[in-house]
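The block underneath contains the structure these notes are about, expressed in structure tokens.
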Amino acid sequence: MTTCRIATWNVNSLNVRLPHVLDWVAVEKPDVLCLQETKLEDHRFPFEPLREAGYHAVHSGQKTYNGVAILAKQPPTGVVAGIRGFEDPQRRVLAGTVGDLRVVCAYFPNGQAVGSEKYEYKLRWLAALHDWLSEEIAAWPRLALLGDFNIAPEDRDVHDPEAWRGQILCSEPERQAFRSLVDLGLQDAFRRFEAGAGLFSWWDYRQAAFRRNLGLRIDHILLSPPVSAACTGCRIDTAPRRLERPSDHAPVVADLA
DNA sequence: ATGGCTTGAGTGTCAAGA
């Protein structure tokens with residue numbers, strides 16, 4: 001393919017959000033769309049309507065929580081679920097090759113609160129992801145990591161940095177883990193094009209947070225060097241967040257030459 | 001104000017998200 005559009009979207013239940021997804025892919029026509037929080041077992045995944053919309057899909061899901069999918073115009077090959085060597089019943093990672101691009105779709109743990117058991121799990125998960133990805137990049141130099149990272153990398157990614165300082169999604173160990181991924185050579189596609197503050201991918205359902213733009217930038221697209229070099233743009237599409245009964249996350253889109 | 005919405009489970013009310 002001469003140009004390629006890749007995207008990521010935490011849909012917060014694909015059961016509820018399938019109409020939004022179908023409408024969105026009809027307009028934006030991504031070649032690859034990574035989904036998080038499908039909250040579906042594999043046998044309930046809506047393969048048929050997505051096929052009719054022109055997408056092959058692979059899914060690693062479970063009841064109620066988590067669940068990740070890769071939709072692609074070309075059928076993904078070499079599909080692997082999970083982080084190799086990290087036993088985890090939570091369905092958070094799915095990788096596959098689309099064309100000449102290795103795509104890793106990830107739903108990072110939330111962590112609940114700094115110091116909690118879930119936070120410790122998040123840090124262990126982040127370390128395992130880092131070590132696995134270092135091998136993946138060696139095997140596939142053209143790699144994209146897309147997903148809900150549940151990390152706001154810097155203060156400019158937070159509506160109220162002082163209120164969030166040291167809190168979950170913003171703590172220094174989480175931000176260090178994000179930088180460790182960048183140190184593997186993975187570039188934050190959005191920040192190649194946008195330096196400003198106040199640009200977010202998630203807004204709380206409560207307190208009219210979206211209308212007031214009280215959000216965080218926690219959904220990201222990280223690109224290995226040859227892919228980053230070919231990236232011509234990256235944006236957050238806030239249009240679906242304005243719809244009736246929206247996901248609390250907006251899609252992030254990157255275009256590759 | 002540890003609240004404020006939303007979803008899935010399951011049919012009363014809680015866990016979890018971020």
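Numbering starts fresh at 1 for the residues of each chain in the structure tokens, the chains themselves are lettered A, B, ... in the order given, and ligands are numbered from 1 as they appear.
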**Request:** Output the contact residues of chain B with respect to chain A at a cut-off of 12 Å, based on only C-alpha atoms (C1' of nucleotides), as a list of chain:residue names.
**Result:**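 Output check: B:DT2, B:DG3, B:DG4, B:DC5, B:DT6, B:DT7, B:DG8, B:DA9, B:DA15, B:DA16, B:DG17, B:DA18.
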**Request:** Write out as a VMD selection string all residues of stretch 5-249 of chain A that DSSP puts in strand (DSSP E or B) for this structure's backbone.
**Result:** chain A and resid 5 to 10 32 to 36 56 to 60 68 to 72 77 to 81 93 to 98 101 to 107 143 to 148 158 187 to 188 202 to 203 215 to 216 219 to 223 231 to 236 249
Can you write out as JSON lines which residues of stretch 123-231 of chain A fall within 10 Å of stretch 68-84 of chain A, alongside each residue's closest atom pair and its distance in Å to one decimal, counting only C-alpha atoms and ordering rows by chain and ascending residue number?
{"residue": "A:Trp125", "atom": "CA", "partner": "A:Ile83", "partner_atom": "CA", "distance": 8.7}
{"residue": "A:Ala128", "atom": "CA", "partner": "A:Ile83", "partner_atom": "CA", "distance": 7.1}
{"residue": "A:Leu129", "atom": "CA", "partner": "A:Ile83", "partner_atom": "CA", "distance": 6.3}
{"residue": "A:His130", "atom": "CA", "partner": "A:Ile83", "partner_atom": "CA", "distance": 9.6}
{"residue": "A:Asp131", "atom": "CA", "partner": "A:Ile83", "partner_atom": "CA", "distance": 9.3}
{"residue": "A:Trp132", "atom": "CA", "partner": "A:Ile83", "partner_atom": "CA", "distance": 6.5}
{"residue": "A:Leu133", "atom": "CA", "partner": "A:Ile83", "partner_atom": "CA", "distance": 8.7}
{"residue": "A:Gly147", "atom": "CA", "partner": "A:Val68", "partner_atom": "CA", "distance": 9.2}
**Request:** Could you pull out the residues in stretch 19-255 of chain A that DSSP calls helix (DSSP H, G or I) from the backbone, as a ChimeraX atom specification?
**Result:** /A:19-28,42-44,47-52,117-139,155-157,161-164,172-183,190-192,225-229,239-242
Give me the residues within 9 Å of A:Leu145 as an mmCIF file with N, CA and C atoms, in the first residue's frame, counting only C-alpha atoms (C1' of nucleotides) and dropping any in the same chain fewer than 4 places off.
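See result_26.cif below for the written result:
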data_model
loop_
_atom_site.group_PDB
_atom_site.id
_atom_site.type_symbol
_atom_site.label_atom_id
_atom_site.label_comp_id
_atom_site.auth_asym_id
_atom_site.auth_seq_id
_atom_site.Cartn_x
_atom_site.Cartn_y
_atom_site.Cartn_z
ATOM 1 N N ARG A 102 4.365 -4.530 11.713
ATOM 2 C CA ARG A 102 4.011 -5.292 12.903
ATOM 3 C C ARG A 102 3.189 -4.389 13.811
ATOM 4 N N VAL A 103 1.979 -4.806 14.126
ATOM 5 C CA VAL A 103 1.048 -4.003 14.912
ATOM 6 C C VAL A 103 0.884 -4.649 16.283
ATOM 7 N N VAL A 104 1.101 -3.855 17.337
ATOM 8 C CA VAL A 104 0.880 -4.332 18.700
ATOM 9 C C VAL A 104 -0.218 -3.469 19.316
ATOM 10 N N CYS A 105 -1.336 -4.122 19.646
ATOM 11 C CA CYS A 105 -2.484 -3.458 20.265
ATOM 12 C C CYS A 105 -2.462 -3.773 21.752
ATOM 13 N N ALA A 106 -2.508 -2.750 22.593
ATOM 14 C CA ALA A 106 -2.353 -2.988 24.033
ATOM 15 C C ALA A 106 -3.322 -2.144 24.864
ATOM 16 N N LEU A 186 10.971 3.869 20.132
ATOM 17 C CA LEU A 186 9.573 4.110 19.766
ATOM 18 C C LEU A 186 9.237 5.577 19.993
ATOM 19 N N HIS A 220 -2.145 6.357 22.939
ATOM 20 C CA HIS A 220 -0.941 6.742 22.197
ATOM 21 C C HIS A 220 -0.664 5.809 21.026
ATOM 22 N N ILE A 221 0.110 6.344 20.074
ATOM 23 C CA ILE A 221 0.672 5.570 18.969
ATOM 24 C C ILE A 221 2.182 5.785 19.002
ATOM 25 N N LEU A 222 2.928 4.713 19.263
ATOM 26 C CA LEU A 222 4.395 4.764 19.289
ATOM 27 C C LEU A 222 4.928 4.015 18.076
ATOM 28 N N LEU A 223 5.890 4.631 17.401
ATOM 29 C CA LEU A 223 6.366 4.094 16.122
ATOM 30 C C LEU A 223 7.873 3.861 16.160
ATOM 31 N N SER A 224 8.297 2.716 15.625
ATOM 32 C CA SER A 224 9.729 2.436 15.514
ATOM 33 C C SER A 224 10.338 3.368 14.463
#
**Separation of atom CA of A:Ser180 from atom CA of A:Arg217, in Å and rounded to one decimal** =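 Separation of atom CA of A:Ser180 and atom CA of A:Arg217: 17.9 Å.
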**Asked** Which polymer residues have any atom within 10 Å of an atom of A:Phe45, counting only C-alpha atoms (C1' of nucleotides), with same-chain residues fewer than 3 positions away left out, as a ChimeraX atom specification?
**Response** /A:14-15,38-42,48-50,57-61,69
**Prompt:** To one decimal place, how far is atom CA of A:Ser134 from atom CA of A:Asp183 in Å?
**Reply:**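 Between these atoms lies a distance of 9.9 Å.
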**Asked** Which residues come within 12 Å of A:Lys29, counting only C-alpha atoms (C1' of nucleotides), excluding same-chain residues fewer than 5 positions away, as a PyMOL selection string?
**Response** chain A and resi 3-7+21-24+53-55+71-73+253-255
**Using only C-alpha atoms: which of A:Arg124, A:Pro161, A:Asp100, A:Arg211 has the shortest distance to A:Asp88** = A:Arg124
**Request:** Could you jot down the atom CA of A:Gln167 to atom CA of A:Arg242 separation for me, Å, one decimal place?
**Result:**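 Rounded to one decimal, the two atoms are 27.4 Å apart.
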